$ cat coords.csv   # CSV, C-alpha atoms and all ligand atoms
chain,number,residue,atom,x,y,z
A,1,MET,CA,0.0,0.0,0.0
A,2,SER,CA,1.5,3.3,-1.0
A,3,ALA,CA,1.4,6.4,1.2
A,4,ALA,CA,-1.2,9.1,0.8
A,5,THR,CA,-0.4,12.8,0.9
A,6,LEU,CA,-2.6,15.6,2.2
A,7,ARG,CA,-3.7,18.4,-0.1
A,8,PRO,CA,-6.5,21.0,-0.2
A,9,MET,CA,-9.9,19.6,-1.1
A,10,ARG,CA,-11.2,20.9,-4.5
A,11,TRP,CA,-14.7,20.9,-5.9
A,12,TRP,CA,-13.9,18.0,-8.2
A,13,ASP,CA,-13.2,15.8,-5.2
A,14,ILE,CA,-16.8,16.1,-4.0
A,15,ASP,CA,-18.3,13.5,-6.4
A,16,PRO,CA,-15.7,10.8,-5.7
A,17,LEU,CA,-16.0,11.2,-2.0
A,18,LEU,CA,-19.8,11.1,-1.8
A,19,ALA,CA,-19.9,7.3,-2.2
A,20,MET,CA,-17.4,6.8,0.6
A,21,GLU,CA,-19.2,9.3,2.7
A,22,HIS,CA,-22.4,7.2,2.3
A,23,ASP,CA,-20.5,4.0,3.1
A,24,LEU,CA,-19.2,5.5,6.3
A,25,PHE,CA,-22.2,7.6,7.5
A,26,GLY,CA,-25.2,6.1,5.8
A,27,SER,CA,-28.4,8.1,6.3
A,28,GLU,CA,-26.5,10.8,8.2
A,29,SER,CA,-24.2,11.5,5.3
A,30,TRP,CA,-23.4,15.0,4.1
A,31,THR,CA,-24.9,15.9,0.7
A,32,ALA,CA,-22.9,17.3,-2.2
A,33,VAL,CA,-24.6,20.7,-1.4
A,34,ALA,CA,-23.1,20.6,2.1
A,35,PHE,CA,-19.6,20.0,0.8
A,36,TRP,CA,-20.1,22.7,-1.9
A,37,SER,CA,-21.2,25.1,0.8
A,38,GLU,CA,-18.2,24.4,2.9
A,39,LEU,CA,-15.7,24.9,0.0
A,40,ALA,CA,-17.4,28.1,-0.9
A,41,GLN,CA,-16.3,29.7,2.4
A,42,PRO,CA,-12.5,29.5,2.3
A,43,SER,CA,-12.0,32.4,4.7
A,44,THR,CA,-13.4,30.4,7.5
A,45,ARG,CA,-12.9,26.8,6.3
A,46,HIS,CA,-9.9,24.5,5.7
A,47,TYR,CA,-10.7,21.2,3.9
A,48,VAL,CA,-8.1,18.6,3.0
A,49,VAL,CA,-8.1,15.2,1.3
A,50,ALA,CA,-5.7,12.3,1.6
A,51,ASP,CA,-4.7,11.6,-1.9
A,52,ASP,CA,-3.0,8.3,-2.9
A,53,ASP,CA,-1.7,8.8,-6.4
A,54,GLY,CA,-5.0,10.4,-7.5
A,55,GLU,CA,-7.2,8.2,-5.4
A,56,LEU,CA,-9.1,9.8,-2.6
A,57,VAL,CA,-8.8,7.8,0.7
A,58,GLY,CA,-9.7,10.3,3.4
A,59,TRP,CA,-10.8,13.9,4.1
A,60,ALA,CA,-11.3,16.4,6.9
A,61,GLY,CA,-12.5,19.9,7.4
A,62,LEU,CA,-12.1,22.7,9.9
A,63,ALA,CA,-14.3,25.8,10.5
A,64,ALA,CA,-12.5,28.6,12.2
A,65,TRP,CA,-14.1,31.9,13.2
A,66,SER,CA,-12.0,34.1,15.4
A,67,GLY,CA,-12.2,32.5,18.8
A,68,GLU,CA,-14.3,29.5,17.7
A,69,SER,CA,-13.1,26.6,15.7
A,70,PHE,CA,-14.6,23.2,15.0
A,71,VAL,CA,-13.6,19.9,13.4
A,72,GLN,CA,-16.5,19.7,11.0
A,73,THR,CA,-15.8,16.2,9.6
A,74,ILE,CA,-13.1,13.6,9.4
A,75,ALA,CA,-13.2,10.3,7.6
A,76,VAL,CA,-11.0,7.6,6.2
A,77,ARG,CA,-12.0,5.1,3.6
A,78,ARG,CA,-12.8,1.8,5.2
A,79,ASP,CA,-9.9,-0.2,3.7
A,80,ARG,CA,-7.4,2.5,4.7
A,81,GLN,CA,-8.4,2.9,8.3
A,82,HIS,CA,-6.1,1.9,11.2
A,83,ALA,CA,-2.9,3.1,9.5
A,84,GLY,CA,-2.5,6.6,10.9
A,85,LEU,CA,-4.4,8.6,8.3
A,86,GLY,CA,-7.1,9.8,10.7
A,87,ARG,CA,-4.5,11.0,13.1
A,88,ALA,CA,-2.6,12.8,10.2
A,89,LEU,CA,-5.8,14.5,9.0
A,90,LEU,CA,-6.7,15.6,12.5
A,91,SER,CA,-3.2,16.9,13.1
A,92,GLU,CA,-3.4,19.0,9.9
A,93,LEU,CA,-6.6,20.6,11.1
A,94,LEU,CA,-5.1,21.4,14.5
A,95,ASP,CA,-2.0,22.9,12.8
A,96,GLU,CA,-4.3,25.1,10.6
A,97,ALA,CA,-6.2,26.2,13.6
A,98,LYS,CA,-2.9,27.3,15.2
A,99,ARG,CA,-1.8,29.0,12.0
A,100,ARG,CA,-5.1,31.0,12.2
A,101,GLY,CA,-4.4,32.0,15.8
A,102,GLU,CA,-7.1,29.9,17.4
A,103,ARG,CA,-6.6,29.0,21.0
A,104,HIS,CA,-8.9,26.0,21.1
A,105,VAL,CA,-10.8,23.6,18.9
A,106,MET,CA,-14.2,21.9,19.5
A,107,LEU,CA,-15.9,19.0,17.9
A,108,GLU,CA,-18.9,16.7,18.2
A,109,VAL,CA,-18.5,13.0,18.0
A,110,ARG,CA,-21.1,10.1,18.1
A,111,ALA,CA,-21.4,8.9,21.7
A,112,ASN,CA,-21.1,5.3,20.5
A,113,ASP,CA,-18.0,5.9,18.4
A,114,GLU,CA,-15.3,4.9,20.9
A,115,ARG,CA,-12.6,4.7,18.2
A,116,ALA,CA,-13.0,8.3,17.0
A,117,GLN,CA,-13.2,9.5,20.7
A,118,ARG,CA,-10.0,7.7,21.4
A,119,MET,CA,-8.3,9.3,18.4
A,120,TYR,CA,-9.5,12.7,19.6
A,121,ALA,CA,-8.4,12.1,23.2
A,122,ARG,CA,-4.9,11.1,22.0
A,123,ALA,CA,-4.7,14.5,20.2
A,124,GLY,CA,-5.6,16.3,23.4
A,125,PHE,CA,-9.4,16.6,23.3
A,126,GLU,CA,-11.4,16.3,26.5
A,127,ALA,CA,-15.1,15.6,26.7
A,128,ILE,CA,-16.9,18.8,28.0
A,129,GLY,CA,-20.6,18.0,27.4
A,130,ARG,CA,-23.2,16.0,25.6
A,131,ARG,CA,-26.0,16.9,23.2
A,132,ALA,CA,-29.0,14.6,23.4
A,133,ARG,CA,-30.2,13.0,20.1
A,134,TYR,CA,-27.9,15.3,18.1
A,135,TYR,CA,-27.5,12.9,15.2
A,136,GLN,CA,-30.6,12.4,13.1
A,137,PRO,CA,-32.3,10.2,12.1
A,138,SER,CA,-30.4,7.8,14.4
A,139,GLY,CA,-31.1,9.8,17.6
A,140,ILE,CA,-27.5,9.1,18.8
A,141,ASP,CA,-26.2,11.6,21.3
A,142,ALA,CA,-23.1,13.7,20.5
A,143,ILE,CA,-20.2,14.1,22.9
A,144,VAL,CA,-18.8,17.6,22.8
A,145,MET,CA,-15.0,17.6,23.0
A,146,ARG,CA,-12.5,20.5,23.3
A,147,ALA,CA,-8.7,20.8,22.8
A,148,GLU,CA,-6.6,23.7,24.0
A,149,LEU,CA,-3.9,24.6,21.5
A,150,SER,CA,-0.5,25.4,22.9
A,201,LIG,C1,-12.4,7.8,13.0
A,201,LIG,C2,-11.6,7.6,11.8
A,201,LIG,C3,-11.5,8.9,11.1
A,201,LIG,C4,-10.2,7.2,12.3
A,201,LIG,O1,-9.3,7.1,11.1
A,201,LIG,P1,-8.1,6.1,11.0
A,201,LIG,O2,-7.3,6.4,9.9
A,201,LIG,O3,-8.5,4.7,11.2
A,201,LIG,O4,-7.3,6.5,12.4
A,201,LIG,P2,-5.8,6.2,12.8
A,201,LIG,O5,-5.3,5.0,12.0
A,201,LIG,O6,-5.0,7.4,12.8
A,201,LIG,O7,-6.0,5.7,14.3
A,201,LIG,C5,-7.0,4.7,14.5
A,201,LIG,C6,-6.3,3.5,15.1
A,201,LIG,O8,-5.3,3.0,14.3
A,201,LIG,C7,-4.1,2.8,15.1
A,201,LIG,N1,-3.0,3.0,14.2
A,201,LIG,C8,-2.5,4.1,13.8
A,201,LIG,N2,-1.4,3.9,13.0
A,201,LIG,C9,-1.2,2.6,13.0
A,201,LIG,C10,-0.3,1.8,12.3
A,201,LIG,N3,0.7,2.2,11.5
A,201,LIG,N4,-0.4,0.4,12.5
A,201,LIG,C11,-1.4,-0.1,13.2
A,201,LIG,N5,-2.3,0.6,13.9
A,201,LIG,C12,-2.2,2.0,13.8
A,201,LIG,C13,-4.2,3.8,16.1
A,201,LIG,O9,-3.5,3.5,17.3
A,201,LIG,C14,-5.7,3.7,16.4
A,201,LIG,O10,-6.0,2.6,17.3
A,201,LIG,P3,-7.3,2.5,18.1
A,201,LIG,O11,-8.5,2.6,17.1
A,201,LIG,O12,-7.2,1.1,18.7
A,201,LIG,O13,-7.2,3.6,19.1
A,201,LIG,C15,-12.1,6.4,10.9
A,201,LIG,O14,-12.2,5.3,11.7
A,201,LIG,C16,-13.4,6.8,10.2
A,201,LIG,O15,-13.4,7.3,9.1
A,201,LIG,N6,-14.5,6.4,10.8
A,201,LIG,C17,-15.8,6.6,10.2
A,201,LIG,C18,-16.1,8.0,10.1
A,201,LIG,C19,-16.1,8.6,11.5
A,201,LIG,O16,-16.7,8.1,12.5
A,201,LIG,N7,-15.6,9.8,11.6
A,201,LIG,C20,-15.5,10.6,12.9
A,201,LIG,C21,-16.7,11.4,12.9
A,201,LIG,S1,-16.7,12.4,14.4
$ encode --input "coords.csv" --output "structure tokens"
Amino acid sequence: MSAATLRPMRWWDIDPLLAMEHDLFGSESWTAVAFWSELAQPSTRHYVVADDDGELVGWAGLAAWSGESFVQTIAVRRDRQHAGLGRALLSELLDEAKRRGERHVMLEVRANDERAQRMYARAGFEAIGRRARYYQPSGIDAIVMRAELS
């Protein structure tokens, strides 16, 4: 398996990533419109993809307003998980938040997704709250996590 490199997400990445998005998030997938809308706001967004020789194997996005920044999404294609890509994508978002002068980053994660929570905890995130039935239609709660940036 060759190594993937991270690069900015472009509009032409949206189509190929939608099938993977659906595979990973099912009925709670983002739509093409949601991705288009994020890419249309570069002053407050930073979206990257993991690109393996032209093949998209992961993506992640940050929203950063002065004083408030959020991990909007992070995903790795099923057959490329568990090899450090998630951690690399997250690390790129945190670096970008620092470059933009942010002091902390927040995110929501599914309460039943222990793997993602573990990845976030290793990157310095701590659980600070819970939003009941945040994810729809599943009704799964969200754990709100926050990381202080040094
Ligand atoms: C959550 C997600 C992004 C993690 O991506 P990933 O690329 O698998 O993450 P990493 O490989 O960096 O880390 C995951 C695990 O692989 C392990 N790992 C990392 N590098 C490794 C390597 N070289 N060899 C073996 N294991 C490794 C990590 O220790 C970690 O182990 P753990 O799950 O037992 O804690 C991915 O599982 C995913 O896309 N899930 C579906 C979408 C989702 O839930 N997104 C989060 C929404 S909030």
$ residues_around --input "coords.csv" --residues "Arg130 (chain A)" --least-positions-apart "5" --cutoff "9 Å" --atoms "only C-alpha atoms" --output "list in words"
Glu108, Ala111, Asp141, Ala142, Ile143, Val144 and Met145 of chain A
$ residues_near_ligand --input "coords.csv" --ligand "ligand LIG 201 (chain A)" --cutoff "7 Å" --atoms "only C-alpha atoms and all ligand atoms" --output "PyMOL selection string"
chain A and resi 24-25+73-78+80-88+108-110+113+115-116+118-119
$ residues_around --input "coords.csv" --residues "His104 (chain A)" --least-positions-apart "4" --cutoff "12 Å" --atoms "only C-alpha atoms" --output "short mmCIF file (atom, residue, chain, number, x, y, z; two decimals) with C-alpha atoms, in the coordinates of the input"
data_model
loop_
_atom_site.label_atom_id
_atom_site.label_comp_id
_atom_site.auth_asym_id
_atom_site.auth_seq_id
_atom_site.Cartn_x
_atom_site.Cartn_y
_atom_site.Cartn_z
CA ALA A 63 -14.30 25.80 10.50
CA ALA A 64 -12.50 28.60 12.20
CA TRP A 65 -14.10 31.90 13.20
CA SER A 66 -12.00 34.10 15.40
CA GLY A 67 -12.20 32.50 18.80
CA GLU A 68 -14.30 29.50 17.70
CA SER A 69 -13.10 26.60 15.70
CA PHE A 70 -14.60 23.20 15.00
CA VAL A 71 -13.60 19.90 13.40
CA LEU A 93 -6.60 20.60 11.10
CA LEU A 94 -5.10 21.40 14.50
CA ASP A 95 -2.00 22.90 12.80
CA GLU A 96 -4.30 25.10 10.60
CA ALA A 97 -6.20 26.20 13.60
CA LYS A 98 -2.90 27.30 15.20
CA ARG A 99 -1.80 29.00 12.00
CA ARG A 100 -5.10 31.00 12.20
CA GLY A 124 -5.60 16.30 23.40
CA PHE A 125 -9.40 16.60 23.30
CA GLU A 126 -11.40 16.30 26.50
CA MET A 145 -15.00 17.60 23.00
CA ARG A 146 -12.50 20.50 23.30
CA ALA A 147 -8.70 20.80 22.80
CA GLU A 148 -6.60 23.70 24.00
CA LEU A 149 -3.90 24.60 21.50
CA SER A 150 -0.50 25.40 22.90
#
$ atom_distance --input "coords.csv" --atom1 "CA of Ala50 (chain A)" --atom2 "CA of Tyr134 (chain A)"
27.8 Å
$ closest_residue --input "coords.csv" --among "A:Gly101, A:Pro16, A:Gly26, A:Gly129" --to "Gly58 (chain A)" --atoms "only C-alpha atoms"
A:Pro16
$ atom_distance --input "coords.csv" --atom1 "CA of Leu62 (chain A)" --atom2 "CA of Arg45 (chain A)"
5.5 Å
$ closest_residue --input "coords.csv" --among "A:Val105, A:Trp11, A:Leu89, A:Asn112" --to "Ile140 (chain A)" --atoms "all atoms listed in the file"
A:Asn112
$ atom_distance --input "coords.csv" --atom1 "CA of Trp59 (chain A)" --atom2 "CA of Ala40 (chain A)"
16.4 Å
$ closest_residue --input "coords.csv" --among "A:Glu102, A:Trp30, A:Ala4, A:Pro137" --to "Glu55 (chain A)" --atoms "all atoms listed in the file"
A:Ala4
$ closest_residue --input "coords.csv" --among "A:Trp36, A:Gln41, A:Ser29, A:Ala60" --to "Trp12 (chain A)" --atoms "only C-alpha atoms"
A:Trp36
